[in-house]
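Trainee: File name model05.cif; file contents mmCIF, C-alpha atoms; full text below.
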```
data_upload
loop_
_atom_site.label_atom_id
_atom_site.label_comp_id
_atom_site.auth_asym_id
_atom_site.auth_seq_id
_atom_site.Cartn_x
_atom_site.Cartn_y
_atom_site.Cartn_z
CA MET A 1 25.08 46.03 41.18
CA PRO A 2 27.93 46.94 38.77
CA MET A 3 27.76 45.12 35.43
CA SER A 4 31.26 43.58 35.84
CA ARG A 5 30.25 42.02 39.16
CA PHE A 6 27.01 40.66 37.62
CA MET A 7 28.96 39.05 34.75
CA LEU A 8 31.43 37.46 37.14
CA GLN A 9 28.60 35.92 39.18
CA PHE A 10 26.85 34.73 36.00
CA LYS A 11 30.03 33.04 34.75
CA ALA A 12 30.61 31.38 38.10
CA ARG A 13 27.07 30.02 38.26
CA PHE A 14 27.27 28.79 34.66
CA LYS A 15 30.54 26.96 35.36
CA SER A 16 29.02 25.36 38.45
CA LEU A 17 25.92 24.32 36.52
CA PHE A 18 28.05 22.92 33.67
CA ARG A 19 30.24 20.90 36.08
CA LYS A 20 27.15 19.35 37.73
CA HIS A 21 24.99 18.79 34.65
CA TRP A 22 27.39 18.78 31.69
CA CYS A 23 26.00 15.47 30.34
CA LEU A 24 22.40 16.70 30.42
CA LEU A 25 23.35 19.96 28.69
CA ILE A 26 25.16 18.15 25.86
CA ILE A 27 22.23 15.76 25.34
CA CYS A 28 19.80 18.71 25.16
CA SER A 29 22.04 20.46 22.62
CA LEU A 30 22.21 17.35 20.44
CA CYS A 31 18.42 16.92 20.61
CA ILE A 32 17.94 20.52 19.43
CA ILE A 33 20.33 19.96 16.50
CA LEU A 34 18.62 16.67 15.58
CA GLY A 35 15.20 18.32 15.76
CA ILE A 36 16.29 21.09 13.39
CA THR A 37 17.74 18.52 11.00
CA LEU A 38 14.57 16.42 10.99
CA TYR A 39 12.43 19.50 10.50
CA ASP A 40 14.49 20.50 7.47
CA THR A 41 14.27 17.08 5.84
CA SER A 42 10.94 15.57 6.92
CA ASN A 43 8.93 17.45 4.31
CA GLN A 44 11.26 16.63 1.44
CA ALA A 45 9.97 13.96 -0.97
CA VAL A 46 12.13 10.88 -1.30
CA ASN A 47 13.50 10.42 -4.80
CA TRP A 48 12.78 6.78 -5.59
CA GLU A 49 14.64 6.85 -8.89
CA PRO A 50 17.55 4.42 -8.44
CA GLU A 51 20.88 6.24 -8.39
CA PRO A 52 23.59 4.99 -10.77
CA ALA A 53 25.31 2.06 -9.12
CA ASP A 54 27.21 -1.05 -10.06
CA SER A 55 24.17 -3.31 -10.00
CA SER A 56 24.91 -5.07 -13.29
CA GLY A 57 24.54 -8.81 -13.04
CA LEU A 58 22.35 -8.80 -9.94
CA ARG A 59 19.64 -11.43 -10.16
CA VAL A 60 16.32 -10.39 -8.61
CA GLY A 61 13.70 -13.11 -8.20
CA PHE A 62 10.04 -12.06 -8.17
CA SER A 63 7.20 -14.31 -7.02
CA GLN A 64 3.45 -13.78 -7.05
CA ILE A 65 0.44 -15.83 -8.10
CA GLU A 66 -2.08 -13.15 -9.16
CA THR A 67 -1.73 -12.10 -12.80
CA ASP A 68 -5.32 -11.93 -13.96
CA ASN A 69 -6.10 -8.24 -13.45
CA PRO A 70 -4.66 -4.98 -14.86
CA TRP A 71 -3.37 -3.79 -11.48
CA ARG A 72 -1.12 -6.83 -11.06
CA THR A 73 0.01 -6.65 -14.68
CA ALA A 74 1.03 -3.01 -14.19
CA GLN A 75 2.86 -3.95 -11.00
CA ILE A 76 4.88 -6.72 -12.68
CA ASN A 77 5.74 -4.40 -15.58
CA SER A 78 6.95 -1.74 -13.15
CA PHE A 79 9.55 -4.18 -11.78
CA ARG A 80 10.78 -4.99 -15.27
CA GLU A 81 11.01 -1.28 -16.12
CA ALA A 82 12.91 -0.48 -12.92
CA LEU A 83 15.32 -3.42 -12.70
CA ILE A 84 16.35 -4.31 -16.25
CA PRO A 85 17.52 -0.79 -17.33
CA ASN A 86 19.69 -0.74 -14.18
CA GLY A 87 21.52 -3.86 -15.31
CA MET A 88 19.67 -6.31 -13.07
CA ASP A 89 18.18 -9.60 -14.21
CA PHE A 90 14.46 -9.93 -13.50
CA ILE A 91 13.70 -13.60 -12.79
CA TYR A 92 9.99 -14.31 -12.87
CA HIS A 93 8.05 -17.53 -13.46
CA GLU A 94 4.52 -17.26 -14.83
CA PRO A 95 2.19 -18.96 -12.31
CA GLU A 96 1.00 -22.40 -13.33
CA ASP A 97 -1.88 -22.19 -10.87
CA TYR A 98 -3.06 -19.67 -8.29
CA SER A 99 -2.21 -21.63 -5.14
CA VAL A 100 -0.01 -21.21 -2.09
CA GLN A 101 1.61 -24.57 -2.86
CA TRP A 102 2.68 -23.33 -6.30
CA GLN A 103 4.23 -20.21 -4.74
CA LEU A 104 6.14 -22.30 -2.19
CA GLU A 105 7.66 -24.32 -5.05
CA ASP A 106 8.29 -21.15 -7.07
CA ILE A 107 10.28 -19.52 -4.26
CA ARG A 108 12.28 -22.71 -3.69
CA SER A 109 13.06 -22.72 -7.42
CA LEU A 110 14.25 -19.10 -7.31
CA ILE A 111 16.49 -19.90 -4.34
CA ARG A 112 17.98 -22.88 -6.24
CA GLU A 113 18.61 -20.59 -9.21
CA GLY A 114 20.87 -18.50 -6.98
CA VAL A 115 19.07 -15.15 -7.06
CA ASP A 116 20.70 -12.30 -5.14
CA TYR A 117 17.42 -10.80 -3.90
CA LEU A 118 13.86 -12.04 -3.54
CA VAL A 119 10.80 -9.83 -4.00
CA ILE A 120 7.66 -11.65 -2.87
CA VAL A 121 3.95 -10.83 -3.08
CA PRO A 122 2.70 -13.49 -0.64
CA ALA A 123 -0.53 -15.34 -1.30
CA ASP A 124 -0.54 -16.45 2.34
CA LEU A 125 2.31 -14.97 4.35
CA SER A 126 2.13 -17.34 7.32
CA ALA A 127 2.31 -20.35 4.98
CA LEU A 128 5.59 -19.07 3.48
CA THR A 129 7.59 -19.25 6.71
CA PRO A 130 9.54 -22.41 5.66
CA VAL A 131 10.74 -20.90 2.37
CA LEU A 132 11.48 -17.56 4.02
CA GLN A 133 13.70 -19.52 6.42
CA ASP A 134 15.36 -21.16 3.39
CA ALA A 135 16.07 -17.73 1.91
CA LYS A 136 17.44 -16.50 5.23
CA ASP A 137 19.72 -19.56 5.51
CA ALA A 138 20.94 -18.91 1.95
CA GLY A 139 21.70 -15.27 2.78
CA ILE A 140 19.16 -13.91 0.27
CA PRO A 141 17.53 -10.63 1.37
CA VAL A 142 13.73 -10.64 1.00
CA ILE A 143 11.54 -7.63 0.17
CA LEU A 144 7.87 -8.23 0.92
CA ILE A 145 5.22 -6.53 -1.19
CA ASP A 146 1.61 -5.65 -0.57
CA GLN A 147 1.17 -7.24 2.85
CA SER A 148 0.77 -6.59 6.53
CA ALA A 149 3.72 -8.51 7.95
CA GLU A 150 2.31 -8.89 11.46
CA THR A 151 2.12 -12.68 11.18
CA ILE A 152 5.86 -13.37 10.80
CA ASP A 153 9.12 -12.43 12.48
CA GLN A 154 10.81 -9.37 10.99
CA SER A 155 14.09 -11.26 10.70
CA TYR A 156 12.66 -13.00 7.62
CA TYR A 157 12.64 -9.84 5.50
CA VAL A 158 14.65 -6.65 5.12
CA SER A 159 11.90 -4.32 3.93
CA LEU A 160 8.15 -4.15 3.42
CA ILE A 161 6.44 -2.12 0.69
CA SER A 162 2.74 -1.70 1.28
CA ALA A 163 -0.29 0.49 0.77
CA ASP A 164 -2.45 1.66 3.67
CA TYR A 165 -5.39 -0.62 2.93
CA LEU A 166 -7.19 0.27 6.15
CA LYS A 167 -7.09 3.95 5.23
CA GLU A 168 -8.31 3.22 1.70
CA GLY A 169 -11.44 1.59 3.09
CA GLN A 170 -12.02 4.49 5.46
CA ILE A 171 -11.73 7.01 2.62
CA CYS A 172 -14.33 5.13 0.57
CA ALA A 173 -16.76 5.36 3.49
CA GLY A 174 -16.02 9.08 3.73
CA LEU A 175 -16.79 9.61 0.05
CA LEU A 176 -20.21 8.02 0.49
CA ALA A 177 -20.82 9.97 3.69
CA ASP A 178 -20.11 13.24 1.85
CA LYS A 179 -22.46 12.21 -0.95
CA PHE A 180 -25.41 11.14 1.20
CA ALA A 181 -24.95 13.49 4.18
CA ASP A 182 -27.75 12.52 6.60
CA GLN A 183 -29.84 10.66 4.03
CA PRO A 184 -30.30 6.88 4.39
CA CYS A 185 -27.78 4.86 2.38
CA SER A 186 -28.03 1.09 1.84
CA ILE A 187 -24.70 -0.35 0.65
CA VAL A 188 -23.60 -3.51 -1.14
CA GLU A 189 -19.99 -4.50 -0.45
CA ILE A 190 -18.25 -6.29 -3.33
CA TYR A 191 -15.44 -8.13 -1.59
CA GLY A 192 -12.12 -8.94 -3.25
CA THR A 193 -11.00 -12.44 -2.28
CA GLU A 194 -11.72 -13.79 1.17
CA SER A 195 -8.07 -14.71 1.87
CA SER A 196 -6.57 -11.42 0.65
CA PRO A 197 -5.02 -9.34 3.49
CA GLY A 198 -5.60 -6.22 1.37
CA ALA A 199 -9.30 -7.02 0.99
CA GLN A 200 -9.60 -7.80 4.69
CA ALA A 201 -7.99 -4.50 5.69
CA ARG A 202 -10.07 -2.46 3.21
CA SER A 203 -13.25 -4.05 4.56
CA LYS A 204 -12.18 -3.45 8.14
CA GLY A 205 -11.40 0.21 7.46
CA PHE A 206 -14.75 0.72 5.72
CA HIS A 207 -16.71 -0.93 8.53
CA GLN A 208 -14.83 1.07 11.16
CA ALA A 209 -15.63 4.33 9.41
CA LEU A 210 -19.31 3.40 9.00
CA MET A 211 -19.68 3.46 12.78
CA GLN A 212 -19.56 7.27 12.53
CA TYR A 213 -22.52 7.36 10.12
CA PRO A 214 -25.69 5.77 11.55
CA ASN A 215 -27.59 6.57 8.34
CA MET A 216 -25.37 4.21 6.33
CA GLU A 217 -25.55 0.40 6.50
CA ILE A 218 -24.30 -2.61 4.55
CA ILE A 219 -27.24 -4.76 3.44
CA ASP A 220 -25.31 -7.36 1.42
CA VAL A 221 -21.79 -8.68 0.87
CA GLU A 222 -20.90 -10.42 -2.40
CA TYR A 223 -17.55 -11.73 -3.65
CA GLY A 224 -16.08 -10.27 -6.83
CA ASN A 225 -12.59 -11.81 -6.44
CA PHE A 226 -10.95 -8.71 -7.96
CA ASP A 227 -12.38 -9.81 -11.30
CA ARG A 228 -14.74 -7.75 -13.48
CA VAL A 229 -16.82 -10.65 -14.79
CA THR A 230 -17.17 -12.30 -11.38
CA ALA A 231 -18.08 -8.96 -9.81
CA GLN A 232 -20.78 -8.36 -12.43
CA LYS A 233 -22.42 -11.67 -11.50
CA ALA A 234 -22.06 -10.82 -7.80
CA MET A 235 -23.80 -7.48 -8.29
CA GLU A 236 -26.55 -9.11 -10.32
CA ASN A 237 -27.16 -11.42 -7.36
CA ALA A 238 -27.24 -8.43 -5.00
CA LEU A 239 -29.80 -6.61 -7.19
CA ILE A 240 -32.06 -9.68 -7.34
CA LYS A 241 -31.87 -10.25 -3.57
CA ALA A 242 -32.59 -6.58 -2.85
CA ALA A 243 -35.60 -6.61 -5.19
CA ASN A 244 -36.97 -9.76 -3.54
CA ARG A 245 -36.67 -8.15 -0.12
CA GLY A 246 -38.15 -4.86 -1.26
CA GLN A 247 -34.88 -3.01 -0.58
CA THR A 248 -33.24 -0.22 -2.52
CA ILE A 249 -29.47 -0.24 -3.14
CA ASP A 250 -28.05 3.26 -2.87
CA ALA A 251 -24.32 2.57 -3.07
CA VAL A 252 -21.61 0.01 -3.76
CA PHE A 253 -18.29 -0.28 -1.95
CA ALA A 254 -15.99 -2.38 -4.17
CA HIS A 255 -12.58 -3.58 -2.96
CA SER A 256 -11.00 -2.90 -6.35
CA ASP A 257 -11.79 -0.98 -9.52
CA GLU A 258 -12.27 -4.28 -11.34
CA ASP A 259 -14.95 -5.19 -8.80
CA GLY A 260 -16.50 -1.74 -9.16
CA LEU A 261 -16.59 -1.87 -12.96
CA GLY A 262 -18.24 -5.28 -12.81
CA ALA A 263 -20.88 -3.82 -10.49
CA LEU A 264 -21.37 -0.88 -12.86
CA GLN A 265 -21.95 -3.24 -15.79
CA ALA A 266 -24.57 -5.17 -13.79
CA ILE A 267 -26.33 -1.89 -12.95
CA LYS A 268 -26.39 -0.94 -16.64
CA VAL A 269 -27.71 -4.35 -17.69
CA ALA A 270 -30.45 -4.00 -15.09
CA GLY A 271 -31.59 -0.84 -16.89
CA LEU A 272 -30.87 1.51 -13.99
CA PRO A 273 -29.85 5.07 -14.93
CA PRO A 274 -26.12 5.94 -14.65
CA GLY A 275 -25.21 7.33 -11.24
CA LYS A 276 -28.39 6.13 -9.53
CA ILE A 277 -26.25 3.77 -7.45
CA SER A 278 -23.08 5.49 -6.22
CA ILE A 279 -19.96 3.35 -6.62
CA VAL A 280 -16.68 3.80 -4.74
CA SER A 281 -13.64 1.57 -5.11
CA ILE A 282 -9.85 1.40 -4.93
CA ASN A 283 -7.06 1.40 -7.56
CA GLY A 284 -7.44 4.41 -9.86
CA ILE A 285 -7.43 2.69 -13.26
CA GLN A 286 -8.21 4.58 -16.44
CA ASP A 287 -11.59 2.90 -17.08
CA VAL A 288 -12.84 4.09 -13.69
CA CYS A 289 -11.55 7.62 -14.32
CA LYS A 290 -13.59 7.61 -17.54
CA ALA A 291 -16.68 6.34 -15.67
CA ILE A 292 -16.29 9.13 -13.10
CA ILE A 293 -16.04 11.73 -15.87
CA ALA A 294 -19.20 10.25 -17.45
CA GLY A 295 -21.09 10.59 -14.16
CA GLU A 296 -21.48 6.83 -13.74
CA TYR A 297 -19.13 6.44 -10.77
CA LEU A 298 -18.65 8.44 -7.56
CA GLY A 299 -14.93 8.00 -6.90
CA THR A 300 -11.89 5.81 -6.38
CA VAL A 301 -8.79 5.84 -4.19
CA GLU A 302 -5.65 5.54 -6.26
CA SER A 303 -3.45 2.65 -5.14
CA ASN A 304 -0.57 3.03 -7.56
CA PRO A 305 0.88 -0.33 -8.70
CA ARG A 306 4.20 1.08 -9.93
CA TRP A 307 6.31 -0.14 -7.01
CA GLY A 308 9.26 -1.50 -8.96
CA PHE A 309 11.32 1.67 -8.66
CA ILE A 310 11.02 1.55 -4.88
CA ALA A 311 12.30 -2.03 -4.79
CA ALA A 312 15.20 -1.08 -7.09
CA PHE A 313 16.04 1.82 -4.77
CA LEU A 314 16.05 -0.48 -1.72
CA ILE A 315 18.26 -3.03 -3.49
CA GLN A 316 20.76 -0.35 -4.44
CA GLN A 317 20.76 0.88 -0.84
CA MET A 318 21.81 -2.62 0.24
CA GLU A 319 24.43 -2.83 -2.52
CA ARG A 320 25.99 0.27 -0.97
CA ASP A 321 26.02 -1.50 2.42
CA CYS A 322 23.29 0.82 3.68
CA LYS A 323 20.40 -0.44 5.77
CA PRO A 324 17.21 -0.14 3.68
CA PHE A 325 14.04 1.48 4.93
CA PRO A 326 12.28 -1.26 6.97
CA MET A 327 8.88 -0.14 5.63
CA VAL A 328 7.71 2.01 2.75
CA MET A 329 4.06 3.07 2.73
CA ILE A 330 2.66 3.95 -0.70
CA PRO A 331 0.83 7.31 -0.74
CA TYR A 332 -2.75 7.45 -1.94
CA GLN A 333 -4.78 9.95 -3.97
CA ILE A 334 -8.54 10.46 -3.97
CA ILE A 335 -10.03 10.65 -7.47
CA THR A 336 -13.47 12.22 -7.95
CA ALA A 337 -15.25 14.27 -10.62
CA GLU A 338 -13.08 17.25 -9.69
CA ASN A 339 -9.78 15.68 -10.80
CA ALA A 340 -10.61 12.51 -12.77
CA ALA A 341 -9.76 14.10 -16.13
CA GLU A 342 -6.27 14.92 -14.86
CA TYR A 343 -5.61 11.41 -13.51
CA ALA A 344 -7.03 9.74 -16.62
CA LEU A 345 -4.04 11.04 -18.61
CA THR A 346 -1.52 8.91 -16.69
CA ALA A 347 -3.69 6.10 -15.27
CA TYR A 348 -2.91 2.55 -16.39
#
```
Output the structure of this file as structure tokens.

Mentor:
Amino acid sequence: MPMSRFMLQFKARFKSLFRKHWCLLIICSLCIILGITLYDTSNQAVNWEPEPADSSGLRVGFSQIETDNPWRTAQINSFREALIPNGMDFIYHEPEDYSVQWQLEDIRSLIREGVDYLVIVPADLSALTPVLQDAKDAGIPVILIDQSAETIDQSYYVSLISADYLKEGQICAGLLADKFADQPCSIVEIYGTESSPGAQARSKGFHQALMQYPNMEIIDVEYGNFDRVTAQKAMENALIKAANRGQTIDAVFAHSDEDGLGALQAIKVAGLPPGKISIVSINGIQDVCKAIIAGEYLGTVESNPRWGFIAAFLIQQMERDCKPFPMVMIPYQIITAENAAEYALTAY
């Protein structure tokens, strides 16, 4: 067949195909372009540094009731460091008591003060529905921090900043599995606080992962309440109970570094050699990095508390009439003897 005749037939068939399926062809073309665009940008890190914007005079209310551990202190400071230099007012009331009722009154007070944005670390998210409705009625955008927001309607908040607590618990189980391989491992779990969604998710993730390792089992659960002194007493109880039952404790899974350091102190007081009981926890604070370097601690999962810059970024998105990211998941890092010295330099 001559080439000219072939080309004429090809053009005719293409025109016929285009007339019949022009919509489908355009959609396919757009999907290819979108796919290329997403591929080019999906691996690029988001710059959370707030861009220069006219945010002077904005009043940002911040509410939480936990202030008695270094992680929370670092988190509060990160909001000050991110908001104030960008011309925003950081409105924060020191908790008078650690109760849901106090937080309800605190949020109502912030609404009465006429804040432009609310950043809330909920003590009990479901209990805050009435004040979240008040904020919605007042036209105040709410950014939720540090929570799974499954218990409330998404219309109550514009964005959620959270860590993957479930994954953190799973990683801790993996660290112990790598350490003990197929050897038996009896574990004490030092729980955070019973009502904490983060503690619940970390425990759930750890227990889920343990199902893969039949040689590992939890023999005791004690409550450390994210507090070093309380956790030390909890671990002392666990050591006494294990001794009375003739059991050996091989490892500790602590819901926070404060809980883990309390457990470590109890182990030292009991006269056990450093490292005899392997401890894993979550946060990545400097004291734990030092304990890892000293061979007293197996590892921790960094849960960085410096979230203030993310909140400032989201607020400035909204000030530019842009829809903020509905959810921001904080990345994690695993800290062990291999990299603890590096992380200790910048840990809080």

Trainee: At a cut-off of 9 Å, using only C-alpha atoms, what residues contact Leu104 in chain A? Leave out same-chain residues fewer than 6 positions from it and give the result as a PyMOL selection string.

Mentor: chain A and resi 127-128+130-131

Trainee: Apply the PyMOL selection byres ((chain A and resi 259-272) around 8) to the structure shown and report the selected residues as an MDAnalysis selection string.

Mentor: chainID A and resid 190:192 224:236 252:258 273:274 276:277 279:281 288 296:297

Trainee: Would you save the residues of that selection, restricted to C-alpha atoms, as a PDB file, in the coordinates of the input?

Mentor:
```
ATOM      1  CA  ILE A 190     -18.250  -6.290  -3.330  1.00  0.00           C
ATOM      2  CA  TYR A 191     -15.440  -8.130  -1.590  1.00  0.00           C
ATOM      3  CA  GLY A 192     -12.120  -8.940  -3.250  1.00  0.00           C
ATOM      4  CA  GLY A 224     -16.080 -10.270  -6.830  1.00  0.00           C
ATOM      5  CA  ASN A 225     -12.590 -11.810  -6.440  1.00  0.00           C
ATOM      6  CA  PHE A 226     -10.950  -8.710  -7.960  1.00  0.00           C
ATOM      7  CA  ASP A 227     -12.380  -9.810 -11.300  1.00  0.00           C
ATOM      8  CA  ARG A 228     -14.740  -7.750 -13.480  1.00  0.00           C
ATOM      9  CA  VAL A 229     -16.820 -10.650 -14.790  1.00  0.00           C
ATOM     10  CA  THR A 230     -17.170 -12.300 -11.380  1.00  0.00           C
ATOM     11  CA  ALA A 231     -18.080  -8.960  -9.810  1.00  0.00           C
ATOM     12  CA  GLN A 232     -20.780  -8.360 -12.430  1.00  0.00           C
ATOM     13  CA  LYS A 233     -22.420 -11.670 -11.500  1.00  0.00           C
ATOM     14  CA  ALA A 234     -22.060 -10.820  -7.800  1.00  0.00           C
ATOM     15  CA  MET A 235     -23.800  -7.480  -8.290  1.00  0.00           C
ATOM     16  CA  GLU A 236     -26.550  -9.110 -10.320  1.00  0.00           C
ATOM     17  CA  VAL A 252     -21.610   0.010  -3.760  1.00  0.00           C
ATOM     18  CA  PHE A 253     -18.290  -0.280  -1.950  1.00  0.00           C
ATOM     19  CA  ALA A 254     -15.990  -2.380  -4.170  1.00  0.00           C
ATOM     20  CA  HIS A 255     -12.580  -3.580  -2.960  1.00  0.00           C
ATOM     21  CA  SER A 256     -11.000  -2.900  -6.350  1.00  0.00           C
ATOM     22  CA  ASP A 257     -11.790  -0.980  -9.520  1.00  0.00           C
ATOM     23  CA  GLU A 258     -12.270  -4.280 -11.340  1.00  0.00           C
ATOM     24  CA  PRO A 273     -29.850   5.070 -14.930  1.00  0.00           C
ATOM     25  CA  PRO A 274     -26.120   5.940 -14.650  1.00  0.00           C
ATOM     26  CA  LYS A 276     -28.390   6.130  -9.530  1.00  0.00           C
ATOM     27  CA  ILE A 277     -26.250   3.770  -7.450  1.00  0.00           C
ATOM     28  CA  ILE A 279     -19.960   3.350  -6.620  1.00  0.00           C
ATOM     29  CA  VAL A 280     -16.680   3.800  -4.740  1.00  0.00           C
ATOM     30  CA  SER A 281     -13.640   1.570  -5.110  1.00  0.00           C
ATOM     31  CA  VAL A 288     -12.840   4.090 -13.690  1.00  0.00           C
ATOM     32  CA  GLU A 296     -21.480   6.830 -13.740  1.00  0.00           C
ATOM     33  CA  TYR A 297     -19.130   6.440 -10.770  1.00  0.00           C
TER      34      TYR A 297
END
```

Trainee: Which residue out of A:Ser162, A:Asn237, A:Gln286, A:Gln154 has the minimum interatomic distance to Ala201 in chain A when all atoms listed in the file are used?

Mentor: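 The closest residue to Ala201 in chain A is A:Ser162.
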
Trainee: Compare A:Ala82, A:Phe62, A:Asp178, A:Gly169 by their minimum atom-to-atom distance to Pro122 in chain A, counting only C-alpha atoms, and give me the closest one.

Mentor: A:Phe62

Trainee: Tell me which of A:Tyr223, A:Phe180, A:Tyr213, A:Tyr117 sits closest to Tyr157 in chain A, counting all atoms listed in the file.

Mentor: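 Between A:Tyr223, A:Phe180, A:Tyr213, A:Tyr117, the residue approaching Tyr157 in chain A most closely is A:Tyr117.
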
Trainee: Measuring between all atoms listed in the file, which one of A:Ser195, A:Asn215, A:Thr67, A:Asn244 shows the shortest distance to Val100 in chain A?

Mentor: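 When distances to Val100 in chain A are compared using all atoms listed in the file, the smallest one comes from A:Ser195.
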
Trainee: Would you please work out which residue, of A:Asp220, A:Asp153, A:Glu302, A:Asp146, is nearest to Met329 in chain A when using all atoms listed in the file?

Mentor: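 The shortest atom-to-atom distance to Met329 in chain A comes from A:Asp146.
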
Trainee: In Å, with one decimal, what is the gap from CA of Phe90 in chain A to CA of Leu58 in chain A?

Mentor: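 Between CA of Phe90 in chain A and CA of Leu58 in chain A the gap works out to 8.7 Å.
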
Trainee: Pull out every residue that the PyMOL selection byres ((chain A and resi 79) around 12) matches in the shown coordinates and put them as a PyMOL selection string.

Mentor: chain A and resi 60-63+72-78+80-86+88-92+119-120+145+305-313

Trainee: Can you tell me how far CA of Asn283 in chain A sits from CA of Thr300 in chain A, in Å to one decimal?

Mentor: 6.6 Å

Trainee: Residue by residue, what does the PyMOL selection byres ((chain A and resi 204) around 12) grab here? Present the result as a list in words.

Mentor: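 For this structure, the PyMOL selection byres ((chain A and resi 204) around 12) captures Asp164, Tyr165, Leu166, Lys167, Glu168, Gly169, Gln170, Ile171, Cys172, Ala173, Glu189, Tyr191, Pro197, Gly198, Ala199, Gln200, Ala201, Arg202, Ser203, Gly205, Phe206, His207, Gln208, Ala209, Leu210, Met211 and His255 of chain A.
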
Trainee: Just the number, please: distance in Å from CA of Ala340 in chain A to CA of Lys290 in chain A, one decimal.

Mentor: 7.5 Å

Trainee: Show me the residues close to (12.2, -19.1, -9.5) - anything with an atom within 7 Å, counting all atoms listed in the file - and format the list as a ChimeraX atom specification.

Mentor: /A:61,91-93,106-111,113

Trainee: So, counting all atoms listed in the file, which residue among A:Asp137, A:Glu217, A:Glu194, A:Asp287 is closest to Tyr156 in chain A?

Mentor: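 For Tyr156 in chain A, the nearest of the given residues is A:Asp137.
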
Trainee: Would you mind listing what lies within 8 Å of Cys289 in chain A as a PyMOL selection string, with only C-alpha atoms counted and same-chain residues fewer than 2 positions away left out?

Mentor: chain A and resi 284-287+291-293+335+340-341+343-344

Trainee: Give me, as a PyMOL selection string, all polymer residues having an atom no more than 10 Å from Lys323 in chain A, counting all atoms listed in the file and skipping those fewer than 6 positions away in the same chain.

Mentor: chain A and resi 158-159+314-315+317

Trainee: Which residues are close to Ser155 in chain A, i.e. within 10 Å by all atoms listed in the file, leaving aside same-chain residues fewer than 5 positions away? Reply as a PDB file with C-alpha atoms, keeping the file's coordinate frame.

Mentor:
```
ATOM      1  CA  LEU A 132      11.480 -17.560   4.020  1.00  0.00           C
ATOM      2  CA  GLN A 133      13.700 -19.520   6.420  1.00  0.00           C
ATOM      3  CA  LYS A 136      17.440 -16.500   5.230  1.00  0.00           C
ATOM      4  CA  PRO A 141      17.530 -10.630   1.370  1.00  0.00           C
ATOM      5  CA  VAL A 142      13.730 -10.640   1.000  1.00  0.00           C
TER       6      VAL A 142
END
```
